[in-house]
Amino acid sequence: MTEGILQRPLEPPENAVQRFREYLASRPKPLRFTEAQRQMIHFIFSRHNHFDAEQLCSELDRAQLNISRATVYRTLNKLVSAGLLRRVQLGNRVLYEHDYGYPQHEHLVCDHCGKVIEFEAPQLEAMYEEVCRQYGFQPSRHSLVVRGICLECVRSRSPRRRLDWI
Ligand SMILES: [Zn+2]
Ligand SMILES: [Zn+2]
């Protein structure tokens, strides 16, 4: 179970499609834009969440979009190269999430139920900048993951079980 928490209006899927088409056209050997790609982008960019490729395949099936597994995997790679999606390591899984039109943020990951909570931390941004300046380092991106137990999981455990975790 994963969910995005930042309450932001999403960039319209049309804009993501436009950006992807520009990316395809800018390749040394321009690539064709397909109907399956358009459907996938609309599906992915109409909500924000964290997902892996297999999860996406079964959700597309459930939505009765007939897109082959191979196409899903290939298109995900292209969406990452185009800067529309990014891969994030969350706990022991590598998941995809929106990169395009979505703010830089950090994650809390529940080790018990797998929930992902997003938060923004301007103080951390300032600290990262300061550290990079000190080292003359050019940052491209960063990711902070805090692992632990979410509030709902803590509450659903008896006090005695909670002591077991310490
Ligand atoms: Zn939890
Ligand atoms: Zn996220």
# chains A, B, ... in the order shown; residues from 1 in each chain; ligands from 1
>>> residues_near_ligand(ligand="ligand 2", cutoff="12 Å", atoms="only C-alpha atoms and all ligand atoms", output="PyMOL selection string")
chain A and resi 2-7+48-51+85-90+94-99+102-109+115-120+143-145
>>> residues_near_ligand(ligand="ligand 1", cutoff="7 Å", atoms="only C-alpha atoms and all ligand atoms", output="list in words")
Cys110, Asp111, His112, Cys113, Gly114, Lys115, Ile149, Cys150, Leu151, Glu152 and Cys153 of chain A
>>> write_last_selection(atoms="N, CA and C atoms", output="PDB file, in the first residue's frame")
ATOM      1  N   CYS A 110       6.435   3.130   6.306  1.00  0.00           N
ATOM      2  CA  CYS A 110       6.081   2.246   7.422  1.00  0.00           C
ATOM      3  C   CYS A 110       6.573   0.823   7.124  1.00  0.00           C
ATOM      4  N   ASP A 111       7.384   0.288   8.000  1.00  0.00           N
ATOM      5  CA  ASP A 111       7.917  -1.072   7.825  1.00  0.00           C
ATOM      6  C   ASP A 111       6.847  -2.125   8.064  1.00  0.00           C
ATOM      7  N   HIS A 112       5.742  -1.704   8.697  1.00  0.00           N
ATOM      8  CA  HIS A 112       4.716  -2.673   9.036  1.00  0.00           C
ATOM      9  C   HIS A 112       3.686  -2.824   7.918  1.00  0.00           C
ATOM     10  N   CYS A 113       3.100  -1.705   7.451  1.00  0.00           N
ATOM     11  CA  CYS A 113       2.047  -1.811   6.433  1.00  0.00           C
ATOM     12  C   CYS A 113       2.507  -1.319   5.066  1.00  0.00           C
ATOM     13  N   GLY A 114       3.696  -0.742   4.990  1.00  0.00           N
ATOM     14  CA  GLY A 114       4.224  -0.300   3.693  1.00  0.00           C
ATOM     15  C   GLY A 114       3.745   1.079   3.262  1.00  0.00           C
ATOM     16  N   LYS A 115       2.956   1.723   4.119  1.00  0.00           N
ATOM     17  CA  LYS A 115       2.462   3.053   3.753  1.00  0.00           C
ATOM     18  C   LYS A 115       3.616   4.029   3.526  1.00  0.00           C
ATOM     19  N   ILE A 149       7.404   3.014  11.977  1.00  0.00           N
ATOM     20  CA  ILE A 149       6.038   2.501  12.109  1.00  0.00           C
ATOM     21  C   ILE A 149       5.076   3.678  12.086  1.00  0.00           C
ATOM     22  N   CYS A 150       4.049   3.601  11.236  1.00  0.00           N
ATOM     23  CA  CYS A 150       3.109   4.722  11.116  1.00  0.00           C
ATOM     24  C   CYS A 150       2.151   4.757  12.305  1.00  0.00           C
ATOM     25  N   LEU A 151       1.474   5.894  12.429  1.00  0.00           N
ATOM     26  CA  LEU A 151       0.579   6.112  13.569  1.00  0.00           C
ATOM     27  C   LEU A 151      -0.513   5.038  13.656  1.00  0.00           C
ATOM     28  N   GLU A 152      -1.142   4.710  12.508  1.00  0.00           N
ATOM     29  CA  GLU A 152      -2.222   3.711  12.520  1.00  0.00           C
ATOM     30  C   GLU A 152      -1.693   2.367  13.006  1.00  0.00           C
ATOM     31  N   CYS A 153      -0.508   1.984  12.567  1.00  0.00           N
ATOM     32  CA  CYS A 153       0.056   0.699  12.986  1.00  0.00           C
ATOM     33  C   CYS A 153       0.407   0.713  14.465  1.00  0.00           C
TER      34      CYS A 153
END
>>> select_by_dssp(residues="range 34-154 of chain A", states="helix (DSSP H, G or I)", output="number ranges by chain")
A: 35-44, 53-62, 69-81, 122-135, 151-154
>>> write_last_selection(atoms="C-alpha atoms", output="compact mmCIF listing (two decimals), in the first residue's frame")
# COMPACT_ATOMS: atom_id res chain seq x y z
CA GLU A 35 -1.63 5.13 -28.45
CA ALA A 36 -0.48 2.79 -25.65
CA GLN A 37 1.94 5.46 -24.42
CA ARG A 38 -0.81 8.08 -24.46
CA GLN A 39 -3.09 5.80 -22.42
CA MET A 40 -0.35 5.02 -19.92
CA ILE A 41 0.54 8.68 -19.40
CA HIS A 42 -3.11 9.59 -18.87
CA PHE A 43 -3.50 6.75 -16.40
CA ILE A 44 -0.33 7.56 -14.43
CA ALA A 53 5.90 -1.90 -12.66
CA GLU A 54 3.95 -5.04 -11.71
CA GLN A 55 1.40 -3.04 -9.75
CA LEU A 56 0.92 -0.74 -12.73
CA CYS A 57 0.46 -3.73 -15.06
CA SER A 58 -2.36 -5.14 -12.96
CA GLU A 59 -4.02 -1.73 -12.52
CA LEU A 60 -3.94 -1.17 -16.28
CA ASP A 61 -5.49 -4.62 -16.75
CA ARG A 62 -8.20 -3.81 -14.25
CA ARG A 69 3.85 -6.04 -20.09
CA ALA A 70 6.83 -5.39 -22.39
CA THR A 71 5.34 -2.07 -23.49
CA VAL A 72 4.68 -1.05 -19.89
CA TYR A 73 8.30 -1.72 -18.89
CA ARG A 74 9.74 -0.01 -21.99
CA THR A 75 7.49 3.01 -21.58
CA LEU A 76 8.35 3.36 -17.88
CA ASN A 77 12.05 3.57 -18.80
CA LYS A 78 11.30 6.22 -21.41
CA LEU A 79 9.18 8.21 -18.96
CA VAL A 80 12.13 8.24 -16.55
CA SER A 81 14.55 9.35 -19.31
CA PRO A 122 12.63 23.52 3.43
CA GLN A 123 15.06 23.31 6.37
CA LEU A 124 16.58 20.17 4.84
CA GLU A 125 16.84 21.83 1.42
CA ALA A 126 18.82 24.66 2.99
CA MET A 127 21.06 22.20 4.80
CA TYR A 128 21.73 20.13 1.65
CA GLU A 129 22.62 23.31 -0.22
CA GLU A 130 25.03 24.37 2.50
CA VAL A 131 26.76 20.97 2.60
CA CYS A 132 27.08 20.88 -1.21
CA ARG A 133 28.55 24.39 -1.19
CA GLN A 134 31.16 23.29 1.35
CA TYR A 135 32.27 20.43 -0.88
CA LEU A 151 0.58 6.11 13.57
CA GLU A 152 -2.22 3.71 12.52
CA CYS A 153 0.06 0.70 12.99
CA VAL A 154 1.23 1.94 16.38
>>> atom_distance(atom1="CA of Phe45 in chain A", atom2="CA of Pro13 in chain A")
5.2 Å
>>> select_by_dssp(residues="range 46-102 of chain A", states="strand (DSSP E or B)", output="VMD selection string")
chain A and resid 51 85 to 90 93 to 98
>>> residues_around(residues="Ala82 in chain A", least_positions_apart="4", cutoff="9 Å", atoms="only C-alpha atoms", output="count of residues only")
7
>>> atom_distance(atom1="CA of Glu11 in chain A", atom2="CA of Leu84 in chain A")
11.0 Å
>>> atom_distance(atom1="CA of Ser46 in chain A", atom2="CA of Tyr100 in chain A")
12.7 Å
>>> closest_residue(among="A:Gly136, A:Glu14, A:Gly101, A:Arg157", to="Gly83 in chain A", atoms="only C-alpha atoms")
A:Gly101
